[in-house]
file entry-v2.pdb (PDB, C-alpha atoms)
ATOM      1  CA  MET C  26       0.000   0.000   0.000
ATOM      2  CA  PRO C  27       1.358   3.458  -0.823
ATOM      3  CA  SER C  28       2.400   5.163   2.382
ATOM      4  CA  THR C  29       3.924   8.532   1.519
ATOM      5  CA  ARG C  30       2.075  11.350  -0.189
ATOM      6  CA  ARG C  31       4.344  11.063  -3.248
ATOM      7  CA  ALA C  32       3.869   7.281  -3.467
ATOM      8  CA  LEU C  33       0.110   7.761  -3.208
ATOM      9  CA  GLY C  34       0.216  10.287  -6.043
ATOM     10  CA  ASP C  35       2.390   8.036  -8.215
ATOM     11  CA  PHE C  36       0.043   5.115  -7.566
ATOM     12  CA  GLY C  37      -2.972   7.206  -8.579
ATOM     13  CA  GLU C  38      -1.317   8.540 -11.723
ATOM     14  CA  SER C  39      -0.409   5.010 -12.791
ATOM     15  CA  ALA C  40      -4.004   3.870 -12.243
ATOM     16  CA  ALA C  41      -5.327   6.881 -14.169
ATOM     17  CA  ARG C  42      -2.909   6.207 -17.052
ATOM     18  CA  SER C  43      -4.097   2.595 -17.239
ATOM     19  CA  HIS C  44      -7.749   3.652 -17.085
ATOM     20  CA  LEU C  45      -7.339   6.229 -19.860
ATOM     21  CA  THR C  46      -5.389   3.832 -22.075
ATOM     22  CA  ARG C  47      -8.093   1.181 -21.700
ATOM     23  CA  ALA C  48     -10.674   3.849 -22.593
ATOM     24  CA  GLY C  49      -8.876   4.545 -25.896
ATOM     25  CA  TYR C  50      -6.824   7.611 -24.975
ATOM     26  CA  THR C  51      -3.222   7.982 -26.104
ATOM     27  CA  ILE C  52      -0.946   9.276 -23.342
ATOM     28  CA  LEU C  53       1.332  12.001 -24.712
ATOM     29  CA  ALA C  54       3.060  13.122 -21.504
ATOM     30  CA  SER C  55       3.216  12.343 -17.808
ATOM     31  CA  ASN C  56       4.165  14.928 -15.200
ATOM     32  CA  TRP C  57       4.742  17.684 -17.745
ATOM     33  CA  ARG C  58       6.427  20.574 -15.949
ATOM     34  CA  CYS C  59       7.115  24.224 -16.566
ATOM     35  CA  ARG C  60       8.019  27.137 -14.310
ATOM     36  CA  ILE C  61       4.439  27.590 -13.059
ATOM     37  CA  GLY C  62       3.584  23.999 -12.209
ATOM     38  CA  GLU C  63       2.824  20.521 -13.476
ATOM     39  CA  ILE C  64       0.181  18.754 -15.520
ATOM     40  CA  ASP C  65      -0.245  15.162 -14.340
ATOM     41  CA  LEU C  66      -1.169  13.662 -17.721
ATOM     42  CA  VAL C  67      -1.562  14.956 -21.243
ATOM     43  CA  ALA C  68      -3.589  12.657 -23.458
ATOM     44  CA  GLN C  69      -5.229  12.598 -26.832
ATOM     45  CA  GLN C  70      -8.694  11.327 -27.622
ATOM     46  CA  GLY C  71      -9.226  11.436 -31.354
ATOM     47  CA  GLY C  72      -8.420  14.991 -32.414
ATOM     48  CA  LEU C  73      -8.903  16.375 -28.906
ATOM     49  CA  LEU C  74      -6.078  17.201 -26.504
ATOM     50  CA  VAL C  75      -6.970  16.294 -22.912
ATOM     51  CA  PHE C  76      -5.157  17.656 -19.858
ATOM     52  CA  VAL C  77      -5.767  15.403 -16.871
ATOM     53  CA  GLU C  78      -5.486  16.262 -13.187
ATOM     54  CA  VAL C  79      -5.283  13.171 -10.981
ATOM     55  CA  ARG C  80      -6.387  13.388  -7.357
ATOM     56  CA  THR C  81      -5.828  10.356  -5.140
ATOM     57  CA  ARG C  82      -7.011  10.208  -1.551
ATOM     58  CA  ARG C  83      -7.665   7.611   1.097
ATOM     59  CA  ALA C  84     -11.299   6.460   1.022
ATOM     60  CA  ASP C  85     -11.676   7.114   4.747
ATOM     61  CA  GLY C  86     -10.196  10.613   4.536
ATOM     62  CA  PRO C  87     -12.100  13.777   5.409
ATOM     63  CA  VAL C  88     -12.253  15.085   1.821
ATOM     64  CA  PRO C  89     -13.072  13.083  -1.311
ATOM     65  CA  PRO C  90     -10.485  13.417  -4.090
ATOM     66  CA  GLU C  91     -12.696  15.445  -6.422
ATOM     67  CA  ALA C  92     -13.333  18.001  -3.662
ATOM     68  CA  SER C  93      -9.635  18.514  -2.999
ATOM     69  CA  LEU C  94      -9.077  20.956  -5.867
ATOM     70  CA  SER C  95      -8.765  24.510  -4.639
ATOM     71  CA  PRO C  96      -9.980  27.435  -6.746
ATOM     72  CA  ALA C  97      -6.330  28.478  -7.152
ATOM     73  CA  LYS C  98      -5.398  25.027  -8.513
ATOM     74  CA  LEU C  99      -8.330  25.142 -10.936
ATOM     75  CA  ARG C 100      -7.118  28.501 -12.279
ATOM     76  CA  ARG C 101      -3.544  27.196 -12.476
ATOM     77  CA  LEU C 102      -4.655  24.199 -14.556
ATOM     78  CA  ILE C 103      -6.056  26.567 -17.184
ATOM     79  CA  VAL C 104      -2.808  28.552 -17.250
ATOM     80  CA  LEU C 105      -0.794  25.323 -17.444
ATOM     81  CA  ALA C 106      -2.856  24.086 -20.386
ATOM     82  CA  ASP C 107      -2.140  27.359 -22.194
ATOM     83  CA  ALA C 108       1.564  27.006 -21.360
ATOM     84  CA  TYR C 109       1.622  23.466 -22.766
ATOM     85  CA  LEU C 110       0.005  24.633 -26.002
ATOM     86  CA  ALA C 111       2.546  27.440 -26.314
ATOM     87  CA  GLU C 112       5.548  25.201 -25.584
ATOM     88  CA  ALA C 113       4.294  22.544 -28.009
ATOM     89  CA  ASP C 114       3.853  25.327 -30.623
ATOM     90  CA  MET C 115       0.165  24.496 -30.969
ATOM     91  CA  PRO C 116      -2.428  27.148 -31.790
ATOM     92  CA  ALA C 117      -4.305  28.602 -28.826
ATOM     93  CA  HIS C 118      -7.561  27.433 -30.440
ATOM     94  CA  THR C 119      -6.463  23.764 -30.443
ATOM     95  CA  PRO C 120      -9.471  21.660 -29.360
ATOM     96  CA  CYS C 121      -8.799  20.662 -25.753
ATOM     97  CA  ARG C 122     -10.367  20.141 -22.371
ATOM     98  CA  ILE C 123      -9.310  19.568 -18.764
ATOM     99  CA  ASP C 124     -10.489  16.357 -17.069
ATOM    100  CA  LEU C 125     -10.181  15.076 -13.522
ATOM    101  CA  VAL C 126      -9.552  11.491 -12.493
ATOM    102  CA  ALA C 127     -10.576  11.073  -8.849
ATOM    103  CA  ILE C 128      -9.300   7.953  -7.094
ATOM    104  CA  ALA C 129     -10.141   6.707  -3.599
ATOM    105  CA  ILE C 130      -8.142   3.850  -2.081
ATOM    106  CA  ASP C 131      -8.771   1.780   1.027
ATOM    107  CA  ARG C 132      -6.305   1.063   3.838
ATOM    108  CA  ALA C 133      -5.078  -2.065   2.006
ATOM    109  CA  GLY C 134      -4.122   0.049  -1.002
ATOM    110  CA  ARG C 135      -6.954  -1.129  -3.240
ATOM    111  CA  ILE C 136      -8.821   1.253  -5.480
ATOM    112  CA  VAL C 137     -12.386   1.466  -4.207
ATOM    113  CA  ARG C 138     -13.457   4.203  -6.605
ATOM    114  CA  LEU C 139     -12.034   5.667  -9.794
ATOM    115  CA  GLU C 140     -14.114   8.369 -11.437
ATOM    116  CA  HIS C 141     -13.185  10.104 -14.684
ATOM    117  CA  ILE C 142     -14.847  13.507 -14.777
ATOM    118  CA  VAL C 143     -14.824  14.874 -18.317
ATOM    119  CA  SER C 144     -14.470  18.663 -18.703
ATOM    120  CA  ALA C 145     -14.056  19.071 -14.948
ATOM    121  CA  VAL C 146     -12.448  22.484 -15.351
ATOM    122  CA  GLU C 147     -14.107  25.192 -17.417
ATOM    123  CA  GLY C 148     -12.114  28.018 -18.825
TER     124      GLY C 148
END

call {"tool": "encode", "arguments": {"input": "entry-v2.pdb", "output": "structure tokens"}}
result
Amino acid sequence: MPSTRRALGDFGESAARSHLTRAGYTILASNWRCRIGEIDLVAQQGGLLVFVEVRTRRADGPVPPEASLSPAKLRRLIVLADAYLAEADMPAHTPCRIDLVAIAIDRAGRIVRLEHIVSAVEG
């Protein structure tokens, strides 16, 4: 079972990658970083670019994973998506969206819930 915060995050990102791949997405980047932050996963679904935030929490924790995004993080995800488009030399009007994969795990380290929320961030 993942014990540290980083290990928990890595575990969740791996589960999200597997889920997205099984759902037909192509993973383009993992943990893409720039000076303002990080995008957990960048994927492609058909002609659509999908930026994915992964939130993993313990199932018995006080806050479910999807509720753990602060307003500041939501705003930062939009800025990060724009930064990715600029760095990849893609037009600003490239079809894209920001999704959330929320994962809850039990004390034994098993996934008890994985929810893929399409277009979780508007902007």

call {"tool": "residues_around", "arguments": {"input": "entry-v2.pdb", "residues": "Gly134 in chain C", "least_positions_apart": "6", "cutoff": "12 Å", "atoms": "all atoms listed in the file", "output": "list of chain:residue names"}}
result
C:Met26, C:Pro27, C:Ser28, C:Thr29, C:Ala32, C:Leu33, C:Phe36, C:Gly37, C:Ala40, C:Thr81, C:Arg82, C:Arg83, C:Ala84, C:Asp85, C:Ile128

call {"tool": "atom_distance", "arguments": {"input": "entry-v2.pdb", "atom1": "CA of Ala68 in chain C", "atom2": "CA of Ile52 in chain C"}}
result
4.3 Å

call {"tool": "closest_residue", "arguments": {"input": "entry-v2.pdb", "among": "C:Leu73, C:Val126, C:Val88, C:Leu110", "to": "Gly34 in chain C", "atoms": "all atoms listed in the file"}}
result
C:Val126

call {"tool": "closest_residue", "arguments": {"input": "entry-v2.pdb", "among": "C:Ala127, C:Leu66, C:Val104, C:Ile61", "to": "Arg42 in chain C", "atoms": "all atoms listed in the file"}}
result
C:Leu66

call {"tool": "residues_near_point", "arguments": {"input": "entry-v2.pdb", "point": "(-11.5, 8.6, -33.8)", "cutoff": "12 Å", "atoms": "all atoms listed in the file", "output": "list in words"}}
result
Gly49, Tyr50, Thr51, Gln69, Gln70, Gly71, Gly72 and Leu73 of chain C

call {"tool": "closest_residue", "arguments": {"input": "entry-v2.pdb", "among": "C:Leu53, C:Ala97, C:Leu125, C:Leu139", "to": "Val77 in chain C", "atoms": "only C-alpha atoms"}}
result
C:Leu125

call {"tool": "axis_aligned_box", "arguments": {"input": "entry-v2.pdb", "around": "range 44-54 of chain C", "padding_each_side": "3 Å", "output": "JSON"}}
result
{"center_x": -3.8, "center_y": 7.2, "center_z": -21.6, "size_x": 19.7, "size_y": 17.9, "size_z": 15.0}

call {"tool": "residues_around", "arguments": {"input": "entry-v2.pdb", "residues": "Leu94 in chain C", "least_positions_apart": "4", "cutoff": "10 Å", "atoms": "only C-alpha atoms", "output": "list of chain:residue names"}}
result
C:Glu78, C:Arg80, C:Pro89, C:Pro90, C:Lys98, C:Leu99, C:Leu125

call {"tool": "closest_residue", "arguments": {"input": "entry-v2.pdb", "among": "C:Asp114, C:Pro120, C:Glu38, C:Ser43", "to": "Ser55 in chain C", "atoms": "all atoms listed in the file"}}
result
C:Glu38

call {"tool": "closest_residue", "arguments": {"input": "entry-v2.pdb", "among": "C:Arg122, C:Arg30, C:Arg47, C:Arg60", "to": "Ala108 in chain C", "atoms": "only C-alpha atoms"}}
result
C:Arg60

call {"tool": "atom_distance", "arguments": {"input": "entry-v2.pdb", "atom1": "CA of Val143 in chain C", "atom2": "CA of Val67 in chain C"}}
result
13.6 Å

call {"tool": "atom_distance", "arguments": {"input": "entry-v2.pdb", "atom1": "CA of Ser95 in chain C", "atom2": "CA of Phe76 in chain C"}}
result
17.1 Å

call {"tool": "resolve_selection", "arguments": {"input": "entry-v2.pdb", "expression": "the PyMOL selection byres ((chain C and resi 146) around 7)", "output": "short mmCIF file (atom, residue, chain, number, x, y, z; two decimals) with C-alpha atoms, keeping the file's coordinate frame"}}
result
data_model
loop_
_atom_site.label_atom_id
_atom_site.label_comp_id
_atom_site.auth_asym_id
_atom_site.auth_seq_id
_atom_site.Cartn_x
_atom_site.Cartn_y
_atom_site.Cartn_z
CA LEU C 99 -8.33 25.14 -10.94
CA ILE C 123 -9.31 19.57 -18.76
CA ASP C 124 -10.49 16.36 -17.07
CA SER C 144 -14.47 18.66 -18.70
CA ALA C 145 -14.06 19.07 -14.95
CA GLU C 147 -14.11 25.19 -17.42
CA GLY C 148 -12.11 28.02 -18.82
#

call {"tool": "closest_residue", "arguments": {"input": "entry-v2.pdb", "among": "C:Gly86, C:His44, C:Val79, C:Arg31", "to": "Ile130 in chain C", "atoms": "only C-alpha atoms"}}
result
C:Gly86
